[in-house]
$ cat query_9.txt   # compact mmCIF, C-alpha atoms
# COMPACT_ATOMS: atom_id res chain seq x y z
CA MET Y 85 -61.17 85.92 -101.29
CA ILE Y 86 -60.17 85.63 -104.93
CA LYS Y 87 -60.16 82.06 -106.24
CA GLN Y 88 -58.10 80.94 -109.22
CA ALA Y 89 -58.60 78.11 -111.70
CA THR Y 90 -56.07 77.39 -114.44
CA ILE Y 91 -56.66 75.22 -117.50
CA ILE Y 92 -53.56 73.53 -118.91
CA SER Y 93 -52.62 70.52 -121.05
CA GLY Y 94 -49.68 68.19 -121.53
CA LYS Y 95 -49.39 69.16 -125.20
CA GLY Y 96 -50.84 71.64 -127.63
CA GLY Y 97 -53.95 70.91 -129.65
CA THR Y 98 -56.05 69.16 -127.00
CA GLY Y 99 -58.76 71.83 -127.06
CA LYS Y 100 -57.58 73.63 -123.93
CA THR Y 101 -58.30 77.14 -125.20
CA VAL Y 102 -61.70 76.17 -126.60
CA ILE Y 103 -62.64 74.76 -123.18
CA SER Y 104 -61.25 77.89 -121.50
CA GLY Y 105 -63.45 80.03 -123.74
CA CYS Y 106 -66.48 77.99 -122.71
CA PHE Y 107 -65.63 78.46 -119.05
CA ALA Y 108 -65.33 82.20 -119.68
CA ALA Y 109 -68.88 82.16 -120.99
CA LEU Y 110 -70.15 80.23 -117.97
CA ALA Y 111 -68.24 81.73 -115.03
CA GLU Y 112 -69.67 84.66 -113.10
CA ASN Y 113 -67.99 87.62 -111.42
CA LYS Y 114 -64.61 86.76 -112.90
CA ILE Y 115 -61.70 88.03 -114.96
CA MET Y 116 -60.00 86.02 -117.70
CA ALA Y 117 -56.23 85.72 -118.05
CA ASP Y 118 -54.58 84.29 -121.16
CA CYS Y 119 -51.19 83.05 -119.99
CA ASP Y 120 -50.35 81.11 -123.14
CA VAL Y 121 -48.25 84.09 -124.22
CA ASP Y 122 -46.10 82.15 -126.70
CA ALA Y 123 -49.16 81.26 -128.78
CA ALA Y 124 -52.01 83.36 -127.43
CA ASP Y 125 -55.32 82.62 -129.14
CA LEU Y 126 -58.08 83.03 -126.55
CA HIS Y 127 -58.70 86.46 -128.11
CA LEU Y 128 -59.96 84.70 -131.25
CA LEU Y 129 -62.99 83.54 -129.25
CA LEU Y 130 -63.46 86.46 -126.87
CA HIS Y 131 -62.71 89.34 -129.29
CA PRO Y 132 -61.25 91.68 -126.67
CA ASP Y 133 -61.64 95.44 -126.94
CA ILE Y 134 -58.18 96.60 -125.88
CA LYS Y 135 -58.29 99.41 -123.31
CA GLU Y 136 -54.63 99.47 -122.30
CA LYS Y 137 -51.52 98.40 -124.18
CA HIS Y 138 -48.13 98.10 -122.49
CA GLU Y 139 -44.64 97.13 -123.60
CA PHE Y 140 -43.01 94.19 -121.90
CA LYS Y 141 -39.30 94.69 -121.40
CA ALA Y 142 -37.11 91.84 -120.24
CA GLY Y 143 -33.51 90.96 -120.93
CA SER Y 144 -30.99 92.93 -122.93
CA LYS Y 145 -29.59 93.00 -126.44
CA ALA Y 146 -26.11 93.94 -127.59
CA ILE Y 147 -25.88 97.21 -129.54
CA LEU Y 148 -22.80 98.12 -131.57
CA ASP Y 149 -21.40 101.65 -131.89
CA GLU Y 150 -19.84 101.46 -135.35
CA ASP Y 151 -17.84 104.66 -134.83
CA LYS Y 152 -15.91 103.02 -131.97
CA CYS Y 153 -15.51 99.60 -133.58
CA THR Y 154 -11.99 98.87 -134.86
CA LEU Y 155 -12.94 95.50 -136.35
CA CYS Y 156 -10.72 93.57 -133.93
CA ARG Y 157 -13.24 90.70 -134.13
CA ARG Y 158 -12.88 89.94 -130.41
CA CYS Y 159 -16.68 90.01 -130.00
CA ILE Y 160 -17.08 87.44 -132.78
CA GLN Y 161 -14.65 85.12 -131.02
CA VAL Y 162 -16.31 85.28 -127.59
CA CYS Y 163 -19.96 85.05 -128.70
CA ARG Y 164 -21.14 81.51 -127.93
CA PHE Y 165 -24.41 81.96 -129.82
CA SER Y 166 -23.01 82.94 -133.24
CA ALA Y 167 -24.99 86.17 -132.97
CA ILE Y 168 -22.05 88.33 -134.11
CA TYR Y 169 -20.42 88.02 -137.50
CA GLU Y 170 -18.48 90.02 -140.05
CA GLU Y 171 -19.97 91.15 -143.32
CA LYS Y 172 -18.36 93.50 -145.83
CA ASP Y 173 -15.76 94.66 -143.32
CA LYS Y 174 -18.41 95.45 -140.73
CA VAL Y 175 -19.39 93.73 -137.49
CA ILE Y 176 -23.05 92.73 -137.48
CA ILE Y 177 -25.02 91.75 -134.35
CA ASP Y 178 -28.10 89.64 -135.05
CA PRO Y 179 -30.74 90.78 -132.51
CA VAL Y 180 -32.72 87.54 -132.87
CA ALA Y 181 -29.72 85.30 -132.17
CA CYS Y 182 -28.38 87.52 -129.35
CA GLU Y 183 -29.07 85.95 -125.95
CA GLY Y 184 -28.20 89.10 -124.01
CA CYS Y 185 -25.40 87.50 -121.98
CA GLY Y 186 -23.24 90.65 -122.21
CA VAL Y 187 -19.89 88.89 -122.71
CA CYS Y 188 -19.18 90.81 -125.91
CA ALA Y 189 -19.72 94.15 -124.17
CA LEU Y 190 -17.45 93.17 -121.28
CA ASP Y 191 -14.70 91.91 -123.57
CA CYS Y 192 -14.69 94.69 -126.17
CA PRO Y 193 -11.37 96.59 -125.83
CA GLU Y 194 -12.89 99.72 -127.41
CA GLN Y 195 -16.16 99.62 -125.41
CA ALA Y 196 -17.95 99.72 -128.74
CA ILE Y 197 -20.76 97.41 -127.54
CA ARG Y 198 -23.37 98.29 -124.95
CA MET Y 199 -26.28 96.31 -123.56
CA GLU Y 200 -29.74 97.83 -123.85
CA GLU Y 201 -32.99 96.59 -122.33
CA SER Y 202 -35.14 95.21 -125.11
CA VAL Y 203 -38.87 95.12 -125.75
CA SER Y 204 -39.80 91.43 -125.66
CA GLY Y 205 -43.53 91.67 -126.16
CA GLU Y 206 -46.75 93.43 -125.22
CA TRP Y 207 -49.48 92.92 -122.66
CA TYR Y 208 -53.02 94.21 -122.67
CA ILE Y 209 -56.00 94.97 -120.46
CA SER Y 210 -59.23 94.50 -122.39
CA ASP Y 211 -62.98 94.25 -122.12
CA THR Y 212 -64.84 91.29 -123.59
CA ARG Y 213 -68.51 90.35 -123.78
CA TYR Y 214 -67.81 88.14 -120.76
CA GLY Y 215 -65.98 90.71 -118.67
CA PRO Y 216 -62.39 91.96 -118.30
CA MET Y 217 -59.41 90.09 -119.68
CA VAL Y 218 -55.65 90.41 -119.30
CA HIS Y 219 -53.59 88.92 -122.10
CA ALA Y 220 -50.20 89.24 -123.75
CA LYS Y 221 -48.11 88.45 -126.78
CA LEU Y 222 -44.45 87.51 -126.62
CA GLY Y 223 -42.26 88.69 -129.48
CA ILE Y 224 -40.78 86.34 -132.06
CA ALA Y 225 -37.82 84.33 -130.69
CA GLU Y 226 -38.08 86.13 -127.34
CA GLU Y 227 -37.62 84.47 -123.97
CA ASN Y 228 -38.62 85.40 -120.40
CA THR Y 229 -42.05 83.85 -120.96
CA GLY Y 230 -42.41 83.09 -117.26
CA LYS Y 231 -41.92 86.75 -116.39
CA LEU Y 232 -44.62 87.82 -118.83
CA VAL Y 233 -47.01 85.16 -117.51
CA THR Y 234 -46.40 86.43 -113.97
CA LEU Y 235 -47.09 89.99 -115.12
CA VAL Y 236 -50.40 88.92 -116.68
CA ARG Y 237 -51.45 87.12 -113.50
CA GLN Y 238 -50.45 90.00 -111.25
CA ASN Y 239 -52.50 92.48 -113.25
CA ALA Y 240 -55.48 90.13 -113.43
CA ARG Y 241 -55.43 89.84 -109.65
CA SER Y 242 -55.08 93.60 -109.23
CA ILE Y 243 -58.10 94.24 -111.46
CA ALA Y 244 -60.09 91.54 -109.65
CA GLN Y 245 -59.38 93.21 -106.31
CA LYS Y 246 -60.19 96.66 -107.65
CA ASN Y 247 -63.51 95.59 -109.17
CA GLY Y 248 -64.67 93.14 -106.53
CA LEU Y 249 -64.29 90.08 -108.75
CA ASN Y 250 -63.82 86.82 -106.87
CA LEU Y 251 -62.57 84.50 -109.60
CA ILE Y 252 -59.67 84.39 -112.07
CA VAL Y 253 -60.01 81.87 -114.91
CA THR Y 254 -56.68 81.34 -116.62
CA ASP Y 255 -55.94 79.75 -119.98
CA GLY Y 256 -52.49 78.37 -119.30
CA PRO Y 257 -49.83 77.15 -121.73
CA PRO Y 258 -49.23 73.49 -122.63
CA GLY Y 259 -46.33 71.38 -121.39
CA ILE Y 260 -44.37 71.54 -118.13
CA GLY Y 261 -41.91 74.40 -118.67
CA CYS Y 262 -41.43 77.73 -116.91
CA PRO Y 263 -44.57 79.32 -118.43
CA VAL Y 264 -46.70 76.50 -117.00
CA ILE Y 265 -45.07 76.79 -113.58
CA ALA Y 266 -45.70 80.54 -113.62
CA SER Y 267 -49.34 79.88 -114.56
CA ILE Y 268 -50.22 77.38 -111.84
CA THR Y 269 -48.31 78.39 -108.71
CA GLY Y 270 -50.68 79.50 -105.99
CA VAL Y 271 -53.91 78.63 -107.83
CA ASP Y 272 -56.79 76.78 -106.19
CA LEU Y 273 -57.50 74.28 -108.97
CA VAL Y 274 -55.80 73.01 -112.12
CA VAL Y 275 -57.87 71.47 -114.90
CA VAL Y 276 -55.80 69.30 -117.23
CA VAL Y 277 -57.36 68.87 -120.67
CA THR Y 278 -56.28 65.68 -122.39
CA GLU Y 279 -57.39 63.61 -125.37
CA PRO Y 280 -57.14 59.90 -126.20
CA THR Y 281 -53.97 59.96 -128.29
CA LEU Y 282 -50.90 57.74 -128.06
CA SER Y 283 -48.93 60.27 -126.03
CA ALA Y 284 -51.82 61.22 -123.75
CA ILE Y 285 -50.84 59.23 -120.66
CA SER Y 286 -47.18 60.24 -120.90
CA ASP Y 287 -48.15 63.92 -121.28
CA LEU Y 288 -50.69 63.64 -118.49
CA ASP Y 289 -48.21 61.95 -116.16
CA ARG Y 290 -45.66 64.75 -116.63
CA VAL Y 291 -48.21 67.47 -115.91
CA LEU Y 292 -49.50 65.65 -112.84
CA SER Y 293 -45.97 65.36 -111.49
CA LEU Y 294 -45.73 69.14 -111.76
CA THR Y 295 -49.05 69.92 -110.06
CA HIS Y 296 -48.33 67.31 -107.38
CA HIS Y 297 -44.96 68.95 -106.68
CA PHE Y 298 -46.73 72.25 -105.96
CA GLY Y 299 -49.52 70.58 -104.01
CA ILE Y 300 -52.31 71.89 -106.25
CA GLU Y 301 -55.66 70.11 -106.50
CA THR Y 302 -55.95 68.73 -110.03
CA VAL Y 303 -58.79 67.30 -112.10
CA VAL Y 304 -58.83 65.89 -115.62
CA LEU Y 305 -61.12 66.60 -118.55
CA ILE Y 306 -60.98 64.17 -121.46
CA ASN Y 307 -61.79 65.97 -124.69
CA LYS Y 308 -62.91 64.08 -127.84
CA HIS Y 309 -63.10 60.95 -125.71
CA ASP Y 310 -64.96 58.97 -128.42
CA ILE Y 311 -62.28 59.19 -131.12
CA ASN Y 312 -60.43 56.28 -129.50
CA TYR Y 313 -62.28 54.37 -126.79
CA GLU Y 314 -59.31 52.13 -126.05
CA ASN Y 315 -57.04 55.06 -125.22
CA THR Y 316 -59.81 56.72 -123.25
CA GLN Y 317 -60.09 53.60 -121.11
CA LYS Y 318 -56.33 53.68 -120.55
CA ILE Y 319 -56.58 57.29 -119.39
CA GLU Y 320 -59.44 56.38 -117.07
CA SER Y 321 -57.45 53.48 -115.59
CA PHE Y 322 -54.43 55.73 -115.15
CA CYS Y 323 -56.51 58.36 -113.35
CA GLN Y 324 -58.07 55.72 -111.13
CA LYS Y 325 -54.64 54.47 -110.07
CA LYS Y 326 -53.57 58.04 -109.34
CA ASN Y 327 -56.80 58.69 -107.40
CA LEU Y 328 -57.49 61.51 -109.83
CA GLU Y 329 -60.99 62.76 -110.58
CA ILE Y 330 -62.13 62.82 -114.20
CA LEU Y 331 -64.20 65.94 -114.37
CA SER Y 332 -65.91 65.17 -117.65
CA LYS Y 333 -65.66 63.32 -120.94
CA ILE Y 334 -66.46 65.59 -123.88
CA PRO Y 335 -67.39 63.84 -127.15
CA PHE Y 336 -66.07 64.90 -130.52
CA ASP Y 337 -68.45 67.32 -132.22
CA ASN Y 338 -68.06 69.36 -135.41
CA SER Y 339 -70.04 72.11 -133.70
CA PHE Y 340 -66.83 73.18 -131.98
CA THR Y 341 -65.26 73.99 -135.34
CA GLN Y 342 -68.41 75.61 -136.69
CA ALA Y 343 -68.61 77.81 -133.61
CA MET Y 344 -64.94 78.81 -133.89
CA VAL Y 345 -65.39 79.76 -137.54
CA GLN Y 346 -68.02 82.23 -136.34
CA GLY Y 347 -65.76 83.43 -133.52
CA LYS Y 348 -68.02 81.99 -130.84
CA THR Y 349 -67.79 79.51 -128.03
CA ILE Y 350 -69.96 76.43 -128.39
CA ILE Y 351 -71.92 77.69 -125.38
CA GLU Y 352 -73.19 80.54 -127.57
CA TYR Y 353 -73.47 78.47 -130.71
CA ASP Y 354 -75.93 75.77 -129.68
CA ASN Y 355 -77.44 73.93 -126.73
CA SER Y 356 -76.47 70.39 -127.71
CA GLY Y 357 -75.44 67.51 -125.49
CA VAL Y 358 -71.83 68.64 -125.75
CA THR Y 359 -72.80 72.06 -124.44
CA GLN Y 360 -74.67 70.49 -121.54
CA GLU Y 361 -71.65 68.34 -120.70
CA ILE Y 362 -69.39 71.39 -120.58
CA LYS Y 363 -71.89 73.19 -118.37
CA LYS Y 364 -71.88 70.24 -115.97
CA ALA Y 365 -68.08 70.29 -115.94
CA TRP Y 366 -68.08 73.97 -115.03
CA GLU Y 367 -70.61 73.39 -112.26
CA ARG Y 368 -68.25 70.82 -110.73
CA ILE Y 369 -65.29 73.19 -111.04
CA SER Y 370 -67.30 76.04 -109.52
CA THR Y 371 -68.27 73.85 -106.59
CA LYS Y 372 -64.65 72.87 -105.96
CA ILE Y 373 -63.11 76.33 -106.08
CA ARG Y 374 -65.82 78.08 -104.09
CA ARG Y 375 -66.04 75.63 -101.19

$ encode --input "query_9.txt" --output "structure tokens"
Amino acid sequence: MIKQATIISGKGGTGKTVISGCFAALAENKIMADCDVDAADLHLLLHPDIKEKHEFKAGSKAILDEDKCTLCRRCIQVCRFSAIYEEKDKVIIDPVACEGCGVCALDCPEQAIRMEESVSGEWYISDTRYGPMVHAKLGIAEENTGKLVTLVRQNARSIAQKNGLNLIVTDGPPGIGCPVIASITGVDLVVVVTEPTLSAISDLDRVLSLTHHFGIETVVLINKHDINYENTQKIESFCQKKNLEILSKIPFDNSFTQAMVQGKTIIEYDNSGVTQEIKKAWERISTKIRR
């Protein structure tokens, strides 16, 4: 049976991807999936060797046939997104602003506008020094992030089945939106990475509401816990009230930055107390997902 663990956070910048990279270094018989497709950066640590590259097509864009256009301006009037405008006696459709609703194509009396499926991003199957990895990159201003996340997860599972891998470790996106939902549904364990900032408890509470809704076992990892002991204590009290296990408290350490500058995880960089703490955290995760 293939087990799945997803690492998420209530906001960006908590160290989620750095922790995910460490888990990639520690986990055995696994495949990595980077589902933070809006701002993918796990590749900066794992340096994937891309074996397959695929286009991701989702949604449509309006395309104008200038030869048929009579400049009636009807499309400009009906576009709710201000994606169509007139310039130098020509109708211009802005592909970035176009939401692909298709109203302009339906309403054009000359049938001068057609809807075409658009390339919204790319997804990849790669090899890394820690094993296979499926990752993706969404195009600028593109939507359908949840669909791309699902595609990444589906291919990661397919490769795991094909190669006899029994674990998928996923670097999920921050927040509580559709990409996060697509990243956590059906997984065995969610690890929420937080830090002792002013918004930490609010962010944590929102994420926990999401994982609770889907009935997914959830644990918390407090990163840089020693930058504000008061807020760390508040997080601990909050977790205690919610009957939520704190997996580990990782201290602030400049070694993380030094390791990243060299394109390494801290697991490879040194064997300090921080490294040992992360190893203990992974041991606890491994115990939970393999029981």

$ residues_around --input "query_9.txt" --residues "segment 168-173 of chain Y" --least-positions-apart "3" --cutoff "12 Å" --atoms "all atoms listed in the file" --output "ChimeraX atom specification"
/Y:145-148,150,153-165,176-184,187-189,197

$ residues_around --input "query_9.txt" --residues "segment 355-358 of chain Y" --least-positions-apart "2" --cutoff "9 Å" --atoms "only C-alpha atoms" --output "ChimeraX atom specification"
/Y:334-337,339,350-353,360-363

$ residues_around --input "query_9.txt" --residues "segment 233-239 of chain Y" --least-positions-apart "6" --cutoff "8 Å" --atoms "all atoms listed in the file" --output "ChimeraX atom specification"
/Y:117-121,207,218-220,263,266-267

$ closest_residue --input "query_9.txt" --among "Y:Thr349, Y:Thr269, Y:Thr371, Y:Ser332" --to "His297 of chain Y" --atoms "only C-alpha atoms"
Y:Thr269

$ residues_around --input "query_9.txt" --residues "Glu136 of chain Y" --least-positions-apart "3" --cutoff "8 Å" --atoms "all atoms listed in the file" --output "ChimeraX atom specification"
/Y:208-210

$ closest_atom_pairs --input "query_9.txt" --of "segment 96-147 of chain Y" --to "segment 222-232 of chain Y" --cutoff "10 Å" --atoms "only C-alpha atoms" --output "Markdown table"
| residue | atom | partner | partner_atom | distance |
| --- | --- | --- | --- | --- |
| Y:Cys119 | CA | Y:Leu232 | CA | 8.2 |
| Y:Asp120 | CA | Y:Thr229 | CA | 9.0 |
| Y:Val121 | CA | Y:Leu222 | CA | 5.6 |
| Y:Asp122 | CA | Y:Leu222 | CA | 5.6 |
| Y:Ala123 | CA | Y:Leu222 | CA | 8.1 |
| Y:Ala124 | CA | Y:Leu222 | CA | 8.7 |
| Y:Phe140 | CA | Y:Leu232 | CA | 7.3 |
| Y:Lys141 | CA | Y:Leu232 | CA | 9.1 |
| Y:Ala142 | CA | Y:Asn228 | CA | 6.6 |
| Y:Gly143 | CA | Y:Asn228 | CA | 7.6 |
